[in-house]
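Undergrad: As input, take run-v2.pdb (PDB, C-alpha atoms):
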ATOM      1  CA  MET U  10      -0.712 -89.369 -12.874
ATOM      2  CA  ASP U  11       1.891 -91.888 -11.743
ATOM      3  CA  VAL U  12       1.013 -92.975  -8.189
ATOM      4  CA  ALA U  13       2.788 -95.506  -5.982
ATOM      5  CA  ILE U  14       1.218 -97.193  -2.974
ATOM      6  CA  VAL U  15       3.775 -97.254  -0.169
ATOM      7  CA  THR U  16       3.909 -98.015   3.534
ATOM      8  CA  LEU U  17       5.501 -95.189   5.492
ATOM      9  CA  PRO U  18       6.702 -95.190   9.111
ATOM     10  CA  PRO U  19       5.427 -92.635  11.633
ATOM     11  CA  VAL U  20       7.498 -89.439  11.714
ATOM     12  CA  ARG U  21       7.974 -87.043  14.637
ATOM     13  CA  ILE U  22       7.784 -83.431  13.510
ATOM     14  CA  ALA U  23       7.880 -79.946  14.979
ATOM     15  CA  THR U  24       5.346 -77.602  13.398
ATOM     16  CA  LEU U  25       4.538 -73.950  13.022
ATOM     17  CA  ARG U  26       0.921 -73.069  12.186
ATOM     18  CA  LYS U  27      -0.499 -70.473   9.846
ATOM     19  CA  ILE U  28      -4.200 -69.640   9.851
ATOM     20  CA  GLY U  29      -5.580 -67.895   6.799
ATOM     21  CA  PRO U  30      -5.933 -68.357   3.052
ATOM     22  CA  TYR U  31      -3.890 -70.938   1.207
ATOM     23  CA  GLY U  32      -2.136 -69.941  -2.016
ATOM     24  CA  PRO U  33       0.678 -67.378  -2.254
ATOM     25  CA  GLU U  34       0.467 -66.673   1.486
ATOM     26  CA  ILE U  35       1.831 -70.179   2.161
ATOM     27  CA  GLY U  36       5.004 -69.314   0.218
ATOM     28  CA  ARG U  37       5.395 -66.097   2.208
ATOM     29  CA  PHE U  38       4.876 -68.050   5.447
ATOM     30  CA  TRP U  39       7.726 -70.399   4.495
ATOM     31  CA  GLY U  40       9.994 -67.559   3.395
ATOM     32  CA  GLU U  41       9.339 -65.066   6.195
ATOM     33  CA  THR U  42       8.605 -67.343   9.166
ATOM     34  CA  VAL U  43       9.466 -71.020   8.657
ATOM     35  CA  THR U  44      12.883 -70.803   6.970
ATOM     36  CA  PRO U  45      14.308 -68.293   9.495
ATOM     37  CA  TRP U  46      12.914 -70.472  12.312
ATOM     38  CA  LEU U  47      14.553 -73.583  10.780
ATOM     39  CA  GLU U  48      17.866 -71.708  10.628
ATOM     40  CA  ARG U  49      17.630 -70.604  14.277
ATOM     41  CA  GLN U  50      16.789 -74.165  15.366
ATOM     42  CA  GLY U  51      19.653 -75.720  13.378
ATOM     43  CA  LEU U  52      17.121 -77.688  11.299
ATOM     44  CA  LEU U  53      17.607 -76.116   7.878
ATOM     45  CA  GLY U  54      18.119 -78.906   5.345
ATOM     46  CA  GLU U  55      16.134 -81.513   7.280
ATOM     47  CA  PRO U  56      13.094 -83.132   5.608
ATOM     48  CA  THR U  57      10.054 -80.861   5.801
ATOM     49  CA  TYR U  58       6.301 -81.230   5.414
ATOM     50  CA  GLY U  59       3.452 -78.994   4.333
ATOM     51  CA  ILE U  60       0.118 -79.986   5.845
ATOM     52  CA  ALA U  61      -3.105 -78.297   4.755
ATOM     53  CA  LEU U  62      -5.592 -79.222   7.481
ATOM     54  CA  ASP U  63      -8.763 -77.844   5.904
ATOM     55  CA  ASP U  64     -10.571 -78.184   2.590
ATOM     56  CA  PRO U  65     -10.568 -74.684   1.099
ATOM     57  CA  THR U  66     -13.765 -75.489  -0.809
ATOM     58  CA  THR U  67     -15.699 -75.904   2.446
ATOM     59  CA  THR U  68     -13.714 -73.828   4.975
ATOM     60  CA  PRO U  69     -13.731 -70.020   4.828
ATOM     61  CA  PRO U  70     -10.281 -68.816   3.673
ATOM     62  CA  GLN U  71      -9.616 -66.895   6.891
ATOM     63  CA  ASP U  72     -10.128 -70.133   8.888
ATOM     64  CA  CYS U  73      -7.904 -72.492   6.856
ATOM     65  CA  ARG U  74      -5.143 -74.074   8.941
ATOM     66  CA  TYR U  75      -1.734 -74.989   7.544
ATOM     67  CA  ASP U  76       1.174 -76.588   9.401
ATOM     68  CA  ALA U  77       4.777 -76.383   8.213
ATOM     69  CA  GLY U  78       6.699 -79.248   9.787
ATOM     70  CA  VAL U  79      10.246 -80.527  10.058
ATOM     71  CA  GLU U  80      11.503 -83.951  11.127
ATOM     72  CA  VAL U  81      12.994 -83.921  14.628
ATOM     73  CA  GLY U  82      14.506 -86.506  16.940
ATOM     74  CA  GLU U  83      13.038 -87.773  20.182
ATOM     75  CA  ASP U  84      15.336 -85.478  22.157
ATOM     76  CA  TYR U  85      14.163 -82.289  20.406
ATOM     77  CA  ALA U  86      12.609 -79.801  22.852
ATOM     78  CA  ALA U  87      10.107 -77.535  21.127
ATOM     79  CA  PRO U  88      10.429 -73.811  21.830
ATOM     80  CA  ALA U  89       7.383 -71.672  22.573
ATOM     81  CA  GLY U  90       5.065 -71.354  19.601
ATOM     82  CA  THR U  91       6.100 -74.725  18.214
ATOM     83  CA  ALA U  92       4.012 -77.896  18.404
ATOM     84  CA  LEU U  93       5.320 -81.452  18.386
ATOM     85  CA  THR U  94       3.298 -84.165  16.715
ATOM     86  CA  VAL U  95       3.674 -87.496  14.977
ATOM     87  CA  LEU U  96       2.596 -87.923  11.394
ATOM     88  CA  PRO U  97       0.966 -91.343  11.390
ATOM     89  CA  GLY U  98       2.536 -94.130   9.420
ATOM     90  CA  GLY U  99       0.646 -96.550   7.227
ATOM     91  CA  THR U 100      -0.413 -96.873   3.620
ATOM     92  CA  TYR U 101      -0.127 -93.789   1.398
ATOM     93  CA  ALA U 102      -0.666 -93.021  -2.257
ATOM     94  CA  VAL U 103       2.433 -91.072  -3.307
ATOM     95  CA  ALA U 104       2.644 -88.920  -6.432
ATOM     96  CA  GLN U 105       5.716 -86.989  -7.549
ATOM     97  CA  PHE U 106       5.188 -83.279  -8.161
ATOM     98  CA  ALA U 107       7.508 -80.974 -10.095
ATOM     99  CA  GLY U 108       6.526 -77.452 -10.994
ATOM    100  CA  GLN U 109       5.534 -74.079  -9.570
ATOM    101  CA  ALA U 110       3.681 -73.519  -6.302
ATOM    102  CA  TRP U 111       0.572 -72.313  -8.114
ATOM    103  CA  GLU U 112       0.358 -75.759  -9.807
ATOM    104  CA  ILE U 113       0.120 -77.778  -6.580
ATOM    105  CA  PRO U 114      -3.659 -77.328  -6.041
ATOM    106  CA  ALA U 115      -4.354 -78.770  -9.514
ATOM    107  CA  ALA U 116      -2.044 -81.728  -8.800
ATOM    108  CA  TRP U 117      -3.919 -82.444  -5.560
ATOM    109  CA  GLN U 118      -7.244 -82.163  -7.409
ATOM    110  CA  THR U 119      -6.063 -84.673 -10.017
ATOM    111  CA  LEU U 120      -4.984 -87.067  -7.271
ATOM    112  CA  LEU U 121      -8.233 -86.700  -5.312
ATOM    113  CA  ARG U 122     -10.819 -86.364  -8.085
ATOM    114  CA  GLU U 123      -9.369 -88.522 -10.851
ATOM    115  CA  TRP U 124      -6.874 -91.042  -9.505
ATOM    116  CA  LEU U 125      -8.601 -91.843  -6.188
ATOM    117  CA  PRO U 126     -12.083 -92.774  -7.520
ATOM    118  CA  ALA U 127     -10.544 -95.091 -10.135
ATOM    119  CA  SER U 128      -8.062 -96.670  -7.704
ATOM    120  CA  GLY U 129     -10.297 -98.696  -5.413
ATOM    121  CA  TYR U 130      -8.783 -96.893  -2.417
ATOM    122  CA  THR U 131     -10.387 -94.365  -0.114
ATOM    123  CA  CYS U 132      -8.711 -91.413   1.547
ATOM    124  CA  ASP U 133      -8.801 -91.876   5.299
ATOM    125  CA  THR U 134      -8.680 -89.417   8.204
ATOM    126  CA  ARG U 135      -4.893 -89.039   8.439
ATOM    127  CA  PRO U 136      -3.642 -85.759   6.972
ATOM    128  CA  CYS U 137      -2.555 -85.370   3.357
ATOM    129  CA  VAL U 138       0.959 -83.963   3.238
ATOM    130  CA  GLU U 139       3.531 -82.521   0.891
ATOM    131  CA  TYR U 140       6.932 -84.017   1.623
ATOM    132  CA  TYR U 141      10.149 -82.129   0.847
ATOM    133  CA  PRO U 142      13.262 -84.327   1.152
ATOM    134  CA  ARG U 143      16.485 -83.438   2.934
ATOM    135  CA  ASN U 144      18.204 -80.435   1.317
ATOM    136  CA  TRP U 145      15.426 -79.855  -1.235
ATOM    137  CA  ARG U 146      15.728 -76.614  -3.126
ATOM    138  CA  MET U 147      13.738 -74.193  -5.190
ATOM    139  CA  GLU U 148      15.159 -73.335  -8.604
ATOM    140  CA  ALA U 149      15.785 -69.739  -9.708
ATOM    141  CA  ASP U 150      12.532 -69.805 -11.710
ATOM    142  CA  GLY U 151      10.553 -70.811  -8.601
ATOM    143  CA  SER U 152      10.082 -74.460  -9.581
ATOM    144  CA  PHE U 153      10.650 -77.316  -7.153
ATOM    145  CA  ALA U 154       9.846 -80.978  -6.586
ATOM    146  CA  CYS U 155       8.065 -82.718  -3.728
ATOM    147  CA  GLU U 156       5.902 -85.746  -2.995
ATOM    148  CA  LEU U 157       2.152 -85.527  -2.553
ATOM    149  CA  ARG U 158       1.263 -88.100   0.103
ATOM    150  CA  MET U 159      -2.382 -89.085   0.549
ATOM    151  CA  PRO U 160      -3.318 -91.589   3.281
ATOM    152  CA  VAL U 161      -5.379 -94.426   1.865
ATOM    153  CA  SER U 162      -7.152 -97.591   2.907
ATOM    154  CA  GLY U 163      -8.903-100.341   1.008
ATOM    155  CA  GLY U 164      -7.709-101.027  -2.492
ATOM    156  CA  ARG U 165      -8.269-103.793  -4.928
TER     157      ARG U 165
END
Could you render the structure as structure tokens?
TA:
Amino acid sequence: MDVAIVTLPPVRIATLRKIGPYGPEIGRFWGETVTPWLERQGLLGEPTYGIALDDPTTTPPQDCRYDAGVEVGEDYAAPAGTALTVLPGGTYAVAQFAGQAWEIPAAWQTLLREWLPASGYTCDTRPCVEYYPRNWRMEADGSFACELRMPVSGGR
């Protein structure tokens, strides 16, 4: 896995939360809830973030929290049901992902279980995120590209 260590600035985002199992339900959440909301807010095409807040190996599926976020300016007023937060800046391990949604968990596992122990870094308490750049798109076959961003400290 090709991983770059980068310093990222803090980013202000508006988020919608889904509670329940990860997996295919996340795609439905984006398609049925997040994308229409982005359109109504005039934010479609802005950089977006997927933030899984719980470890599905230790959290019951019905309790897993997931935030879908979009970059917003300081003047953005969040409507009801929307939270505003700042993704912390700092040092991140960034891996490029390209494939199908069902392949993302394996990519995260490779990053966390193979790359991280050999890297000399440790994952810290900031959230791991999937970053989707401005105007990203899904191909007709369902494939797409994003960045897997893991907050790290330490290093060699």
Undergrad: Which neighbours of Thr66 of chain U fall inside 12 Å, counting only C-alpha atoms, when residues of the same chain fewer than 6 positions from it are skipped, and could you give them as a PDB file with C-alpha atoms, keeping the file's coordinate frame?
TA:
ATOM      1  CA  PRO U  30      -5.933 -68.357   3.052  1.00  0.00           C
ATOM      2  CA  TYR U  31      -3.890 -70.938   1.207  1.00  0.00           C
ATOM      3  CA  ASP U  72     -10.128 -70.133   8.888  1.00  0.00           C
ATOM      4  CA  CYS U  73      -7.904 -72.492   6.856  1.00  0.00           C
ATOM      5  CA  PRO U 114      -3.659 -77.328  -6.041  1.00  0.00           C
ATOM      6  CA  GLN U 118      -7.244 -82.163  -7.409  1.00  0.00           C
TER       7      GLN U 118
END
Undergrad: Determine, counting only C-alpha atoms, which protein, DNA and RNA residues have an atom within 12 Å of an atom of Leu93 of chain U; residues of the same chain fewer than 5 positions away are not included. Present the result as a PyMOL selection string.
TA: chain U and resi 20-26+76-88
Undergrad: I'd like the interatomic distance between atom CA of Ala89 of chain U and atom CA of Gly36 of chain U, to a tenth of an Å.
TA: 22.6 Å
Undergrad: What is the distance between atom CA of Ala92 of chain U and atom CA of Gly59 of chain U, in Å to one decimal?
TA: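 If I compute the distance from atom CA of Ala92 of chain U to atom CA of Gly59 of chain U, I get 14.1 Å.
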Undergrad: Return the single residue from U:Pro18, U:Pro56, U:Gly32, U:Pro126 that is closest to Ala110 of chain U, with distances computed using only C-alpha atoms.
TA: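 Comparing U:Pro18, U:Pro56, U:Gly32, U:Pro126 against Ala110 of chain U, the winner is U:Gly32.
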Undergrad: Which of these, U:Asp64, U:Leu157, U:Gly151, U:Pro136, has the shortest distance to Thr119 of chain U once you count only C-alpha atoms?
TA: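 Closest to Thr119 of chain U, using only C-alpha atoms: U:Leu157.
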Undergrad: Could you tell me, as number ranges by chain, exactly which residues end up selected when the PyMOL selection byres ((chain U and resi 104-109) around 6) is applied to this structure?
TA: U: 12, 103, 110-112, 152-157
Undergrad: Quick one, how far is atom CA of Pro97 of chain U from atom CA of Thr44 of chain U?
TA: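 Here the two named atoms are 24.2 Å from each other.
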Undergrad: Determine the residue membership of the PyMOL selection byres ((chain U and resi 142) around 9) for the file above and supply it as a VMD selection string.
TA: chain U and resid 54 to 58 140 to 141 143 to 145 155 to 156
